[in-house]
Amino acid sequence: MRNKSFIRTYSLMVIPGFVWLALFSIVPMFGIVMAFQNYNPGLGFFRSPWVGLDNFRYMFSLSDSWSIMYNTVFIATGKVILNLVFPLIFALLLNELRSNRMKRTVQTVTYMPYFLSWVILAGILIDILGYNGPINMIRASFGLPKTMIFGNARTFPWLLILSDVWKTFGFNAIIYLAALTGINPNLYEAAAIDGAGRWSRLLHITLPGIMITVMMLMTLGLGNVLNAGFDQVFNMYNKLVYSTGDIIDTWVYRTGLISLKFSLASTVGLLKSVVGFVLVALGYTLADRFAGYRIF
Amino acid sequence: MLKERSIGSRIFDGANITFLLLLTFTCVLPIWYTLCVSLSAKSAVAAGRVSLWPVEFTIVSYQQILGDRHFGNAFLTSVQRVLLGTAVSMVCIALCAYPLSKSRKEFPARNVLMWILIFCMLFNGGLIPWFMTMRNLRMMNNIWGLVLSNSLPMFNVILMMNFFRNLPKEMEEAAIVDGAGAFYIFWRIWLPVSIPVLATVTLFMAVYHWNEFFNGLVLTSKTENYPLQTYIQQLVVNIDTTTMTEDQFRRLSLMSNQTLNAAKLFVAMVPVLLLYPFLQKYFIHGITIGSVKE
């Protein structure tokens with residue numbers, strides 16, 4: 001009897017969240033029919049003509065599509081790898097600090113940029129790396145020519161990747177640091193008595209101790225290789241760097257909401273959603289298999 | 001901590017401390033530089049004379065911001081959005097996370113609901129269908145489009161659910177013996193001991209709503225209704241004259257200057273910087289306990 005009333009309360013509790021989910025997440029999924037129509041806002045979903053796979057054929061015939069896919073995968077993969085490696089190195093170095101107060105201070109300050117938006121950070125970076133900004137002033141004082149850092153298509157993807165690493169490394173290190181505190185301190189004591197130096201303690205205790213966390217993050221990273229980061233690119237790119245900096249998400253935005261080619265933009269968006277879905281699902285499956293990680 | 005006295009070890013310590021301090025400075029200096037630019041004279045900034053200290057100190061940029069009606073409007077829109085949006089999503093998240101933290105025996109629908117949630121997290125219809133839906137739901141040009149933009153983020157639901165799950169079940173059993181109902185247990189027993197995760201998720205949601213600019217851009221057609229980040233994005237960061245209306249262009253030419261822009265960027269950062277130390281205390285705890293399950 002008590003059980004029944006509990007279940008009824010639980011069911012009532014999930015209503016607000018699931019109503020939200022139905023309206024804002026599930027209803028839009030039906031909009032993917034636009035990818036198979038020549039969608040005309042005047043006619044709506046029901047009367048717009050069906051065109052089968054024409055939008056997909058057209059999409060693959062555009063040279064744009066191939067370049068935005070390449071850019072997306074390149075930028076996103078760079079971020080996945082460096083966002084895994086750099087925070088790990090940072091966490092290991094932080095772990096070697098002797099003073100706990102310093103450890104805390106460094107950690108607290110370094111995860112601050114994570115909480116600032118790309119709008120703000122792009123504004124700051126454009127200032128600092130701008131033609132008359134401090135970086136170019138330093139270059140000039142060494143006799144080097146001033147450069148338009150934001151207008152250089154060759155280096156732009158690296159600018160995106162490195163600034164993303166800078167924004168998130170402090171935050172990404174949290175999970176490694178949590179794993180590091182989980183290592184039994186007796187192991188270090190015992191190893192020291194046996195004559196193991198710092199380096200061999202790192203190799204034989206610390207690294208094996210957090211290997212499972214590294215594995216987990218590696219496999220979950222797989223789900224992100226189509227996520228090049230819309231907010232960052234949108235706030236940092238400009239026409240000069242479209243050739244290397246335009247990604248699927250920014251292209252869909254411009255094609256759909258600026259040029260109003262709804263069907264074409266939905267088609268590319270749908271393709272990204274489907275491939276992204278497969279990749280994330282694969283990532284979770286592998287994380288479960290190799291690191292015993294489950295989200296619920 | 002173990003004592004190391006070898007010279008190599010000491011050299012490493014020195015190098016390590018230096019490197020970490022440099023890294024820490026790279027996180028602070030850009031913010032400090034922005035503050036310095038905003039407090040310097042226009043001419044000094046244009047000549048590139050400002051580096052790490054204000055040159056010809058002046059607060060004229062901040063006075064200009066105080067007198068800027070559009071900036072004020074945008075700021076208030078953002079404050080309103082943060083308050084309403086965070087409240088709505090905290091209600092949705094906490095009320096969903098609690099039943100989902102129960103076992104399937106205690107709440108039979110749990111696994112089905114969980115799969116629906118996971119599916120919605122992994123798959124979406126894309127930008128264009130979402131935009132059409134928002135338009136059909138009358139979410140354009142009003143605060144609700146912004147408030148309701150992300151009320152049930154899965155990451156936060158899972159974080160809170162895992163935290164709830166790690167709490168000792170004996171608390172519930174004892175309360176049931178005393179005759180407490182399900183909601184009473186949630187409200188009076190579970191929530192008070194979940195402060196770290198509640199604080200962490202509140203921080204995430206407030207920061208999300210404060211920082212989010214894209215919904216403000218696509219769901220708002222009038223510049224006057226922009227939230228702060230969208231306003232800054234349009235008038236400071238993304239100065240693309242080809243898509244600009246004449247009105248925007250006129251206003252831009254009136255106020256485009258580096259010191260004023262820096263002051264705007266700084267004002268937009270202040271709420272996040274102020275919020276930060278208060279939640280510090282709970283943050284690491286909330287995030288690390290919630291990200292693992294028993």
# chains A, B, ... in the order shown; residues from 1 in each chain; ligands from 1
call {"tool": "closest_atom_pairs", "arguments": {"of": "chain B", "to": "chain A", "cutoff": "6 Å", "atoms": "only C-alpha atoms", "output": "tab-separated table"}}
result
residue	atom	partner	partner_atom	distance
B:Thr24	CA	A:Thr110	CA	5.7
B:Cys27	CA	A:Thr110	CA	5.9
B:Cys92	CA	A:Gly17	CA	4.7
B:Leu95	CA	A:Met13	CA	5.1
B:Cys96	CA	A:Val14	CA	4.7
B:Pro99	CA	A:Tyr10	CA	5.3
B:Phe107	CA	A:Ile7	CA	5.8
B:Leu122	CA	A:Phe277	CA	5.4
B:Phe123	CA	A:Phe277	CA	5.7
B:Gly125	CA	A:Met29	CA	4.2
B:Gly126	CA	A:Gly269	CA	5.1
B:Ile128	CA	A:Ser266	CA	5.8
B:Pro129	CA	A:Gly31	CA	4.6
B:Trp130	CA	A:Pro28	CA	5.0
B:Thr133	CA	A:Pro28	CA	5.8
B:Ala182	CA	A:Phe6	CA	5.3
B:Asn211	CA	A:Ser117	CA	5.1
B:Gln233	CA	A:Val119	CA	5.7
B:Val237	CA	A:Gly123	CA	5.2
B:Leu265	CA	A:Ile120	CA	5.9
call {"tool": "write_last_selection", "arguments": {"atoms": "N, CA and C atoms", "output": "compact mmCIF listing (two decimals), in the first residue's frame"}}
result
# COMPACT_ATOMS: atom_id res chain seq x y z
N THR B 24 49.05 29.47 -14.20
CA THR B 24 48.02 30.17 -13.44
C THR B 24 47.90 31.61 -13.92
N CYS B 27 45.83 32.33 -16.92
CA CYS B 27 44.38 32.35 -16.70
C CYS B 27 43.92 33.67 -16.13
N CYS B 92 12.92 21.19 -12.28
CA CYS B 92 12.83 20.05 -13.20
C CYS B 92 13.90 19.00 -12.88
N LEU B 95 13.42 17.25 -9.29
CA LEU B 95 12.24 16.39 -9.25
C LEU B 95 12.40 15.16 -10.14
N CYS B 96 13.19 15.26 -11.20
CA CYS B 96 13.44 14.08 -12.05
C CYS B 96 14.51 13.19 -11.44
N PRO B 99 13.30 10.52 -8.26
CA PRO B 99 12.70 9.22 -8.60
C PRO B 99 13.64 8.34 -9.41
N PHE B 107 10.56 1.99 -8.20
CA PHE B 107 9.90 2.84 -9.18
C PHE B 107 9.97 2.15 -10.55
N LEU B 122 21.35 11.97 -26.58
CA LEU B 122 22.25 11.59 -27.66
C LEU B 122 21.78 12.04 -29.02
N PHE B 123 20.48 12.17 -29.20
CA PHE B 123 19.96 12.47 -30.52
C PHE B 123 19.14 13.75 -30.48
N GLY B 125 17.05 16.77 -33.23
CA GLY B 125 16.57 17.01 -34.59
C GLY B 125 17.43 17.99 -35.36
N GLY B 126 18.31 18.66 -34.68
CA GLY B 126 19.14 19.67 -35.35
C GLY B 126 18.59 21.06 -35.15
N ILE B 128 17.55 23.55 -37.25
CA ILE B 128 16.42 24.11 -37.98
C ILE B 128 15.08 23.60 -37.42
N PRO B 129 14.91 22.28 -37.24
CA PRO B 129 13.65 21.82 -36.63
C PRO B 129 13.43 22.41 -35.23
N TRP B 130 14.50 22.56 -34.46
CA TRP B 130 14.36 23.15 -33.13
C TRP B 130 13.85 24.58 -33.25
N THR B 133 10.19 24.63 -34.10
CA THR B 133 9.38 24.29 -32.92
C THR B 133 9.27 25.49 -31.99
N ALA B 182 6.66 9.87 0.51
CA ALA B 182 7.76 9.97 -0.44
C ALA B 182 8.26 11.40 -0.61
N ASN B 211 25.75 32.95 -19.51
CA ASN B 211 26.68 32.93 -20.63
C ASN B 211 26.05 32.68 -21.98
N GLN B 233 27.95 40.06 -28.03
CA GLN B 233 28.36 39.29 -29.20
C GLN B 233 28.12 40.11 -30.47
N VAL B 237 31.95 41.74 -30.28
CA VAL B 237 32.81 40.67 -30.78
C VAL B 237 32.66 40.47 -32.29
N LEU B 265 32.96 44.03 -21.56
CA LEU B 265 33.37 42.64 -21.33
C LEU B 265 33.57 42.41 -19.83
call {"tool": "residues_around", "arguments": {"residues": "B:Ser40", "least_positions_apart": "6", "cutoff": "9 Å", "atoms": "only C-alpha atoms", "output": "MDAnalysis selection string"}}
result
chainID B and resid 50 53:61 259
call {"tool": "atom_distance", "arguments": {"atom1": "atom CA of B:Lys105", "atom2": "atom CA of B:Pro153"}}
result
25.7 Å
call {"tool": "atom_distance", "arguments": {"atom1": "atom CA of A:Leu43", "atom2": "atom CA of A:Phe60"}}
result
26.4 Å
call {"tool": "atom_distance", "arguments": {"atom1": "atom CA of B:Trp210", "atom2": "atom CA of B:Tyr231"}}
result
12.3 Å
call {"tool": "residues_around", "arguments": {"residues": "stretch 83-89 of chain B", "least_positions_apart": "2", "cutoff": "7 Å", "atoms": "only C-alpha atoms", "output": "JSON, numbers by chain"}}
result
{"B": [79, 80, 81, 91, 92, 93, 147, 148, 151, 152, 202, 205, 206, 209]}
call {"tool": "write_last_selection", "arguments": {"atoms": "N, CA and C atoms", "output": "short mmCIF file (atom, residue, chain, number, x, y, z; two decimals), in the first residue's frame"}}
result
data_model
loop_
_atom_site.label_atom_id
_atom_site.label_comp_id
_atom_site.auth_asym_id
_atom_site.auth_seq_id
_atom_site.Cartn_x
_atom_site.Cartn_y
_atom_site.Cartn_z
N VAL B 79 19.70 39.15 -16.07
CA VAL B 79 19.47 38.86 -14.65
C VAL B 79 18.14 38.12 -14.49
N GLN B 80 17.12 38.63 -15.19
CA GLN B 80 15.80 38.01 -15.13
C GLN B 80 15.87 36.57 -15.63
N ARG B 81 16.59 36.39 -16.74
CA ARG B 81 16.72 35.07 -17.32
C ARG B 81 17.43 34.11 -16.37
N VAL B 91 14.05 23.00 -10.40
CA VAL B 91 12.84 22.24 -10.08
C VAL B 91 12.76 20.99 -10.96
N CYS B 92 12.92 21.19 -12.28
CA CYS B 92 12.83 20.05 -13.20
C CYS B 92 13.90 19.00 -12.88
N ILE B 93 15.14 19.45 -12.68
CA ILE B 93 16.25 18.51 -12.49
C ILE B 93 16.08 17.72 -11.18
N VAL B 147 14.26 31.48 -20.95
CA VAL B 147 14.16 30.79 -19.66
C VAL B 147 14.05 29.28 -19.85
N LEU B 148 13.25 28.87 -20.84
CA LEU B 148 12.98 27.44 -21.02
C LEU B 148 13.94 26.76 -22.00
N SER B 151 16.03 23.36 -19.82
CA SER B 151 15.58 23.13 -18.45
C SER B 151 15.96 21.77 -17.89
N LEU B 152 16.32 20.82 -18.75
CA LEU B 152 16.62 19.49 -18.22
C LEU B 152 17.92 18.95 -18.83
N THR B 202 23.25 24.37 -9.31
CA THR B 202 22.79 25.76 -9.38
C THR B 202 23.84 26.63 -10.06
N MET B 205 23.84 25.93 -13.79
CA MET B 205 22.68 26.49 -14.49
C MET B 205 22.75 28.01 -14.56
N ALA B 206 23.13 28.64 -13.44
CA ALA B 206 23.19 30.10 -13.44
C ALA B 206 24.24 30.58 -14.44
N HIS B 209 22.90 30.09 -18.00
CA HIS B 209 21.94 31.11 -18.42
C HIS B 209 22.59 32.48 -18.59
#
call {"tool": "residues_around", "arguments": {"residues": "B:Pro196", "least_positions_apart": "3", "cutoff": "9 Å", "atoms": "only C-alpha atoms", "output": "mmCIF file with C-alpha atoms, in the first residue's frame"}}
result
data_model
loop_
_atom_site.group_PDB
_atom_site.id
_atom_site.type_symbol
_atom_site.label_atom_id
_atom_site.label_comp_id
_atom_site.auth_asym_id
_atom_site.auth_seq_id
_atom_site.Cartn_x
_atom_site.Cartn_y
_atom_site.Cartn_z
ATOM 1 C CA VAL B 193 22.017 16.613 2.890
ATOM 2 C CA ALA B 199 25.059 24.177 -5.140
ATOM 3 C CA THR B 200 27.096 22.720 -7.993
ATOM 4 C CA VAL B 201 24.116 22.296 -10.304
ATOM 5 C CA LEU B 279 30.206 27.992 -4.538
ATOM 6 C CA LYS B 281 33.291 25.300 -1.084
ATOM 7 C CA TYR B 282 30.853 22.765 -2.487
ATOM 8 C CA PHE B 283 31.904 22.614 -6.075
ATOM 9 C CA ILE B 284 34.650 19.950 -6.182
ATOM 10 C CA HIS B 285 32.801 17.806 -3.669
ATOM 11 C CA GLY B 286 29.533 18.026 -5.590
ATOM 12 C CA ILE B 287 31.087 17.212 -8.907
#
call {"tool": "residues_around", "arguments": {"residues": "A:Asn224", "least_positions_apart": "4", "cutoff": "10 Å", "atoms": "only C-alpha atoms", "output": "list of chain:residue names"}}
result
A:Val73, A:Ala76, A:Thr77, A:Lys79, A:Val80, A:Thr219, A:Leu220, A:Ala228, A:Gly229, A:Gly276, A:Leu279, A:Val280, A:Gly283
call {"tool": "select_by_dssp", "arguments": {"residues": "stretch 47-289 of chain B", "states": "alpha helix (DSSP H)", "output": "ChimeraX atom specification"}}
result
/B:60-66,69-100,110-122,127-136,143-147,154-165,170-177,182-184,195-211,214-218,228-232,246-255,258-289
call {"tool": "closest_residue", "arguments": {"among": "B:Val218, B:Ala263, B:Ala97, B:Val177", "to": "B:Leu191", "atoms": "only C-alpha atoms"}}
result
B:Ala97
